>>> print(open('start.txt').read())   # compact mmCIF, C-alpha atoms
# COMPACT_ATOMS: atom_id res chain seq x y z
CA MET E 1 -35.46 -10.49 -17.43
CA VAL E 2 -32.17 -8.72 -17.97
CA VAL E 3 -32.01 -7.78 -21.63
CA GLY E 4 -28.30 -8.47 -21.79
CA ARG E 5 -28.81 -12.09 -20.91
CA ALA E 6 -31.27 -12.69 -23.71
CA GLY E 7 -29.45 -10.54 -26.25
CA LEU E 8 -25.98 -9.07 -26.26
CA GLN E 9 -23.55 -10.66 -23.89
CA GLY E 10 -20.12 -9.78 -22.55
CA GLU E 11 -17.42 -9.96 -25.20
CA HIS E 12 -19.85 -9.98 -28.10
CA ALA E 13 -21.43 -6.77 -26.88
CA ASP E 14 -17.99 -5.17 -26.47
CA ARG E 15 -17.30 -5.97 -30.13
CA VAL E 16 -20.58 -4.30 -31.11
CA PHE E 17 -19.69 -1.07 -29.36
CA LYS E 18 -16.10 -1.05 -30.62
CA ALA E 19 -17.45 -1.56 -34.14
CA LEU E 20 -19.83 1.38 -33.72
CA ALA E 21 -17.14 3.67 -32.27
CA ASP E 22 -15.68 4.41 -35.73
CA PRO E 23 -17.37 6.99 -38.04
CA THR E 24 -16.57 5.09 -41.26
CA ARG E 25 -18.07 1.91 -39.86
CA ARG E 26 -21.17 3.77 -38.69
CA ASP E 27 -21.51 5.21 -42.20
CA VAL E 28 -21.11 1.74 -43.78
CA LEU E 29 -23.80 0.46 -41.42
CA ARG E 30 -26.16 3.33 -42.24
CA ARG E 31 -25.74 2.71 -45.97
CA ALA E 32 -26.13 -1.04 -45.56
CA MET E 33 -29.37 -0.51 -43.63
CA GLN E 34 -30.80 1.20 -46.72
CA GLY E 35 -30.01 -1.74 -48.97
CA THR E 36 -27.43 -4.32 -49.91
CA LEU E 37 -24.01 -2.95 -50.88
CA SER E 38 -20.96 -4.53 -52.43
CA VAL E 39 -17.54 -4.16 -50.82
CA SER E 40 -16.11 -2.80 -54.08
CA GLY E 41 -18.99 -0.31 -54.32
CA LEU E 42 -18.27 0.85 -50.76
CA ALA E 43 -14.58 1.23 -51.52
CA ARG E 44 -15.42 3.84 -54.18
CA LEU E 45 -17.25 5.96 -51.55
CA TYR E 46 -14.35 6.48 -49.16
CA PRO E 47 -10.88 7.96 -49.62
CA MET E 48 -9.21 4.70 -48.62
CA SER E 49 -8.06 1.46 -50.18
CA THR E 50 -10.36 -1.51 -50.83
CA THR E 51 -8.28 -3.41 -48.27
CA ALA E 52 -8.97 -0.73 -45.62
CA VAL E 53 -12.70 -0.87 -46.37
CA GLN E 54 -12.60 -4.68 -46.18
CA LYS E 55 -11.03 -4.38 -42.73
CA HIS E 56 -13.83 -2.07 -41.54
CA VAL E 57 -16.44 -4.47 -42.91
CA ALA E 58 -14.65 -7.36 -41.17
CA VAL E 59 -14.92 -5.53 -37.81
CA LEU E 60 -18.64 -5.02 -38.40
CA GLU E 61 -19.00 -8.68 -39.37
CA ASP E 62 -17.05 -9.82 -36.30
CA ALA E 63 -19.49 -7.83 -34.14
CA GLY E 64 -22.42 -9.55 -35.85
CA LEU E 65 -23.72 -6.25 -37.22
CA VAL E 66 -23.41 -7.30 -40.87
CA HIS E 67 -22.81 -10.50 -42.74
CA LEU E 68 -21.10 -11.03 -46.07
CA THR E 69 -22.43 -13.11 -48.92
CA ARG E 70 -20.75 -13.86 -52.22
CA HIS E 71 -22.59 -13.04 -55.43
CA GLY E 72 -20.44 -13.98 -58.40
CA ARG E 73 -17.23 -11.97 -58.02
CA GLU E 74 -18.85 -9.46 -55.64
CA GLN E 75 -18.92 -9.59 -51.85
CA LEU E 76 -22.23 -8.22 -50.59
CA VAL E 77 -22.74 -6.56 -47.19
CA LYS E 78 -26.08 -7.04 -45.39
CA THR E 79 -27.07 -5.69 -41.96
CA GLU E 80 -28.21 -7.53 -38.87
CA ILE E 81 -30.53 -4.84 -37.57
CA ASP E 82 -31.78 -7.03 -34.76
CA THR E 83 -28.41 -6.88 -32.98
CA ILE E 84 -28.44 -3.08 -33.02
CA ALA E 85 -31.95 -3.05 -31.60
CA LYS E 86 -30.80 -5.26 -28.72
CA ALA E 87 -27.88 -2.94 -27.94
CA GLN E 88 -30.29 -0.04 -27.84
CA ALA E 89 -32.54 -2.00 -25.49
CA LEU E 90 -29.76 -2.31 -22.91
CA LEU E 91 -29.41 1.47 -22.66
CA ALA E 92 -33.21 1.66 -22.41
CA GLU E 93 -33.06 -0.71 -19.42
CA PHE E 94 -30.69 1.69 -17.68
CA GLU E 95 -33.01 4.56 -18.41
CA LEU E 96 -35.81 2.62 -16.72
CA LEU E 97 -33.55 1.93 -13.71
CA TRP E 98 -32.74 5.65 -13.36
CA ARG E 99 -36.37 6.70 -13.80
CA GLY E 100 -37.21 4.45 -10.84
CA ARG E 101 -34.45 6.05 -8.76
CA LEU E 102 -35.55 9.57 -9.71
CA ASP E 103 -39.14 8.74 -8.73
CA ARG E 104 -37.90 7.53 -5.35
CA ILE E 105 -35.80 10.71 -4.90
CA GLY E 106 -39.06 12.60 -5.44
CA ASP E 107 -40.58 10.52 -2.62
CA VAL E 108 -37.63 11.20 -0.30
CA LEU E 109 -37.90 14.95 -0.94
CA ALA E 110 -41.65 14.86 -0.29
CA ASN E 111 -41.28 12.79 2.90
CA PRO E 112 -38.01 13.83 4.59
CA LEU E 113 -38.66 11.70 7.67
CA GLY E 114 -39.26 8.45 5.81
CA GLY E 115 -42.25 6.16 5.83
CA ASP E 116 -42.37 6.04 2.01
CA ARG E 117 -41.32 2.40 1.77
CA SER E 118 -44.65 0.75 2.33
CA MET O 1 -40.19 15.11 -10.07
CA THR O 2 -40.27 15.45 -13.81
CA VAL O 3 -37.88 13.88 -16.31
CA ILE O 4 -37.33 16.62 -18.89
CA ALA O 5 -34.77 15.03 -21.23
CA VAL O 6 -33.19 11.67 -21.95
CA ASP O 7 -30.36 11.00 -24.37
CA ARG O 8 -29.17 7.49 -25.19
CA ASP O 9 -25.89 7.66 -27.08
CA LEU O 10 -25.35 4.17 -28.44
CA ALA O 11 -21.95 4.82 -30.02
CA ALA O 12 -20.51 6.53 -26.90
CA LEU O 13 -22.28 4.14 -24.48
CA THR O 14 -23.58 7.11 -22.54
CA LEU O 15 -26.95 7.74 -20.92
CA THR O 16 -27.95 11.28 -19.94
CA ILE O 17 -31.08 12.00 -17.92
CA VAL O 18 -32.19 15.49 -16.95
CA SER O 19 -34.85 15.83 -14.25
CA GLU O 20 -36.42 18.63 -12.22
CA PHE O 21 -37.35 18.72 -8.54
CA GLY O 22 -39.42 21.32 -6.75
CA ALA O 23 -36.86 21.80 -3.97
CA PRO O 24 -33.80 24.00 -3.33
CA VAL O 25 -30.42 22.71 -4.50
CA GLU O 26 -29.17 22.16 -0.93
CA ARG O 27 -32.16 19.91 -0.24
CA VAL O 28 -31.68 17.84 -3.42
CA TRP O 29 -27.96 17.51 -2.63
CA GLN O 30 -28.87 15.87 0.67
CA VAL O 31 -30.31 12.79 -1.10
CA TRP O 32 -26.73 12.09 -2.24
CA ALA O 33 -24.82 13.46 0.76
CA ASP O 34 -26.86 11.84 3.57
CA PRO O 35 -26.37 8.04 3.53
CA ARG O 36 -29.72 7.46 5.29
CA GLN O 37 -31.50 9.35 2.49
CA LEU O 38 -29.39 7.70 -0.23
CA GLU O 39 -30.41 4.24 0.91
CA ARG O 40 -34.08 5.18 0.64
CA TRP O 41 -33.88 5.60 -3.15
CA TRP O 42 -30.81 3.83 -4.56
CA GLY O 43 -32.20 0.28 -4.56
CA PRO O 44 -35.56 -0.85 -5.93
CA PRO O 45 -38.33 -1.47 -3.34
CA ASN O 46 -37.68 -5.22 -3.15
CA TYR O 47 -33.87 -4.71 -2.87
CA PRO O 48 -33.36 -1.92 -0.30
CA ALA O 49 -29.82 -0.56 -0.02
CA THR O 50 -27.77 -0.31 3.16
CA VAL O 51 -24.87 2.16 2.96
CA VAL O 52 -21.90 0.97 5.07
CA ASP O 53 -19.21 3.50 4.02
CA HIS O 54 -19.97 6.99 2.80
CA ASP O 55 -17.03 9.35 2.28
CA LEU O 56 -18.01 12.04 -0.24
CA THR O 57 -14.55 13.57 -0.61
CA ASP O 58 -12.17 13.45 -3.60
CA GLY O 59 -10.81 9.88 -3.73
CA GLY O 60 -13.28 8.76 -1.05
CA ARG O 61 -15.38 5.62 -1.18
CA VAL O 62 -19.01 4.69 -0.77
CA ALA O 63 -19.81 1.04 -0.11
CA TYR O 64 -23.29 -0.44 0.07
CA TYR O 65 -25.18 -3.66 -0.20
CA MET O 66 -28.72 -4.41 -1.29
CA THR O 67 -30.75 -7.09 0.44
CA GLY O 68 -33.06 -9.24 -1.66
CA PRO O 69 -36.37 -10.83 -0.66
CA ASP O 70 -34.64 -14.10 0.30
CA GLY O 71 -31.89 -12.34 2.28
CA GLU O 72 -29.18 -12.43 -0.40
CA LYS O 73 -26.78 -9.46 -0.35
CA LEU O 74 -25.51 -7.70 -3.49
CA HIS O 75 -22.47 -5.50 -2.86
CA GLY O 76 -21.69 -2.31 -4.76
CA TRP O 77 -19.26 0.60 -4.48
CA TRP O 78 -18.45 4.11 -5.68
CA ARG O 79 -15.05 5.76 -5.85
CA ILE O 80 -15.38 9.52 -5.73
CA ILE O 81 -13.53 11.30 -8.54
CA SER O 82 -14.57 14.82 -7.57
CA VAL O 83 -17.15 16.49 -5.39
CA ASP O 84 -18.30 20.12 -5.16
CA PRO O 85 -21.27 20.43 -2.75
CA PRO O 86 -24.03 21.18 -3.56
CA ARG O 87 -23.39 21.43 -7.28
CA SER O 88 -21.56 18.38 -8.62
CA LEU O 89 -20.47 14.85 -7.91
CA GLU O 90 -18.55 12.47 -10.14
CA PHE O 91 -17.77 8.89 -9.26
CA GLU O 92 -16.80 5.50 -10.64
CA GLU O 93 -19.17 2.73 -9.77
CA GLY O 94 -19.12 -1.02 -9.81
CA CYS O 95 -20.18 -4.12 -7.99
CA GLY O 96 -18.23 -6.89 -6.33
CA PRO O 97 -14.63 -6.15 -5.30
CA PRO O 98 -13.26 -2.87 -6.75
CA ASN O 99 -10.87 -3.52 -9.66
CA GLU O 100 -8.26 -0.80 -10.22
CA ASP O 101 -7.05 -2.22 -13.55
CA LEU O 102 -10.21 -2.04 -15.61
CA PRO O 103 -11.88 1.10 -16.91
CA ALA O 104 -14.97 1.65 -14.79
CA THR O 105 -18.41 3.05 -15.39
CA THR O 106 -18.56 6.70 -14.31
CA ALA O 107 -21.53 8.74 -13.17
CA GLU O 108 -21.61 12.52 -13.18
CA VAL O 109 -24.28 14.41 -11.25
CA ARG O 110 -24.82 18.13 -11.80
CA LEU O 111 -27.31 20.24 -9.86
CA VAL O 112 -28.43 23.67 -11.03
CA GLU O 113 -30.85 25.82 -9.04
CA THR O 114 -33.44 28.00 -10.72
CA PRO O 115 -35.80 30.25 -8.72
CA GLU O 116 -38.42 27.57 -8.09
CA LYS O 117 -36.71 24.27 -8.69
CA THR O 118 -33.50 22.30 -9.05
CA THR O 119 -32.41 20.66 -12.29
CA MET O 120 -30.41 17.45 -11.88
CA THR O 121 -28.42 16.07 -14.82
CA ILE O 122 -27.06 12.55 -14.48
CA ILE O 123 -24.59 11.36 -17.11
CA THR O 124 -23.58 7.70 -16.95
CA ARG O 125 -20.68 6.61 -19.15
CA PHE O 126 -20.31 2.86 -19.45
CA ALA O 127 -16.90 1.32 -20.02
CA SER O 128 -18.24 -1.84 -21.61
CA ILE O 129 -21.36 -3.88 -22.08
CA ALA O 130 -20.07 -6.36 -19.53
CA ASP O 131 -20.10 -3.50 -16.97
CA MET O 132 -23.59 -2.50 -18.06
CA GLU O 133 -24.91 -6.00 -17.53
CA GLN O 134 -23.24 -6.31 -14.13
CA LEU O 135 -24.53 -2.94 -12.91
CA LEU O 136 -27.98 -3.59 -14.33
CA GLY O 137 -28.04 -6.82 -12.34
CA ILE O 138 -27.27 -5.15 -9.04
CA GLY O 139 -29.28 -2.03 -9.89
CA LYS O 140 -32.49 -3.96 -10.23
CA GLY O 141 -31.75 -6.71 -7.80
CA GLU O 142 -30.14 -9.60 -9.63
CA GLY O 143 -32.43 -11.22 -12.16
CA THR O 144 -35.50 -9.27 -11.09
CA ARG O 145 -37.30 -6.48 -12.74
CA LEU O 146 -39.70 -3.87 -11.48
CA ALA O 147 -43.11 -4.76 -12.79
CA LEU O 148 -44.64 -2.00 -14.87
CA GLY O 149 -47.49 -1.87 -12.35
CA GLN O 150 -45.01 -1.02 -9.58
CA ILE O 151 -43.59 1.83 -11.63
CA ASP O 152 -47.09 3.15 -12.26
CA ALA O 153 -47.73 3.00 -8.51
CA ILE O 154 -44.55 4.94 -7.77
CA LEU O 155 -45.47 7.50 -10.40
CA ALA O 156 -48.93 7.89 -8.90
CA ILE O 157 -47.48 8.47 -5.43
CA THR O 158 -44.99 11.01 -6.75
CA THR O 159 -47.62 12.87 -8.71
CA ALA O 160 -49.94 12.95 -5.71
CA SER O 161 -47.27 14.28 -3.34
>>> encode(input="start.txt", output="structure tokens")
Amino acid sequence: MVVGRAGLQGEHADRVFKALADPTRRDVLRRAMQGTLSVSGLARLYPMSTTAVQKHVAVLEDAGLVHLTRHGREQLVKTEIDTIAKAQALLAEFELLWRGRLDRIGDVLANPLGGDRS
Amino acid sequence: MTVIAVDRDLAALTLTIVSEFGAPVERVWQVWADPRQLERWWGPPNYPATVVDHDLTDGGRVAYYMTGPDGEKLHGWWRIISVDPPRSLEFEEGCGPPNEDLPATTAEVRLVETPEKTTMTIITRFASIADMEQLLGIGKGEGTRLALGQIDAILAITTAS
């Protein structure tokens, strides 16, 4: 199984990594992982307008990393931790691929003339 | 061979693996510089690689294909960004026809010799998840995965040798 096929795919995955490329958005995500936050509460934490914070939250929402729910007059931000775990898994798959290659390099170095395939 | 450090940087889409080999730096360099040695380790056991072009010079190209159990061929390529034998190699890599317009995945290999061994650092920077999925497909043989038992077997052989 290729993790990407079961989890993050193509354009969606690109949105995840673009969303995570910004330090403010990573900070919003970290805070949201510790509990539900309101957009207005977040806006008080950063030296930027509520509109700017809303835009950051919208990028995170577009990437499927958080979702917004309305509670009275407040917009609440909740995380989708599962998506992040899947992104992490894809890098882990590459690590596994390289560990296999490094093991085989060890074999090549130990047996310069070949015969290590069988 | 011992893997001594792994860093997965999720935000930067970068994987760094540091490993050690009990061989001189010139010997370890040969597994990259000699196409016959490269094809013995690049592909997984059930998808052996055949290197058809191998020009390790700045701007040079490496082209290969991997042959699956049912005879299917998966094509891949490198474009060499810089090379400094036997210390460093940096290349773009992809599969299918090379595309000059898109940012590519890059791999950087650095070899450092200490008195008794060689340390190899491999830094892979992915341009996008789409690239990761594509390369993962060809890297493992499309749609297949090394069984954990196979990896254990390889580890056992390496430890024994």
>>> residues_around(input="start.txt", residues="segment 80-82 of chain O", least_positions_apart="4", cutoff="9 Å", atoms="only C-alpha atoms", output="list in words")
Asp55, Leu56, Thr57, Asp58, Gly59, Gly60, Arg61, Val62, Ser88, Leu89, Glu90, Phe91, Glu92, Glu93 and Thr106 of chain O
>>> interface_residues(input="start.txt", of="chain E", to="chain O", cutoff="6 Å", atoms="all atoms listed in the file", output="JSON list (two decimals) with C-alpha atoms, in the frame of the given file")
[["chain", "number", "residue", "atom", "x", "y", "z"],
["E", 4, "GLY", "CA", -28.30, -8.47, -21.79],
["E", 10, "GLY", "CA", -20.12, -9.78, -22.55],
["E", 13, "ALA", "CA", -21.43, -6.77, -26.88],
["E", 14, "ASP", "CA", -17.99, -5.17, -26.47],
["E", 20, "LEU", "CA", -19.83, 1.38, -33.72],
["E", 21, "ALA", "CA", -17.14, 3.67, -32.27],
["E", 101, "ARG", "CA", -34.45, 6.05, -8.76],
["E", 104, "ARG", "CA", -37.90, 7.53, -5.35],
["E", 105, "ILE", "CA", -35.80, 10.71, -4.90],
["E", 106, "GLY", "CA", -39.06, 12.60, -5.44]]
>>> closest_residue(input="start.txt", among="O:Glu39, O:Ala5, O:Arg110, O:Thr50", to="Pro86 of chain O", atoms="only C-alpha atoms")
O:Arg110
>>> atom_distance(input="start.txt", atom1="atom CA of Leu113 of chain E", atom2="atom CA of Thr119 of chain O")
22.8 Å
>>> closest_residue(input="start.txt", among="E:Leu97, E:Leu68, E:Leu60, E:Leu76", to="Ser40 of chain E", atoms="only C-alpha atoms")
E:Leu76
>>> atom_distance(input="start.txt", atom1="atom CA of Arg30 of chain E", atom2="atom CA of Glu93 of chain E")
24.2 Å
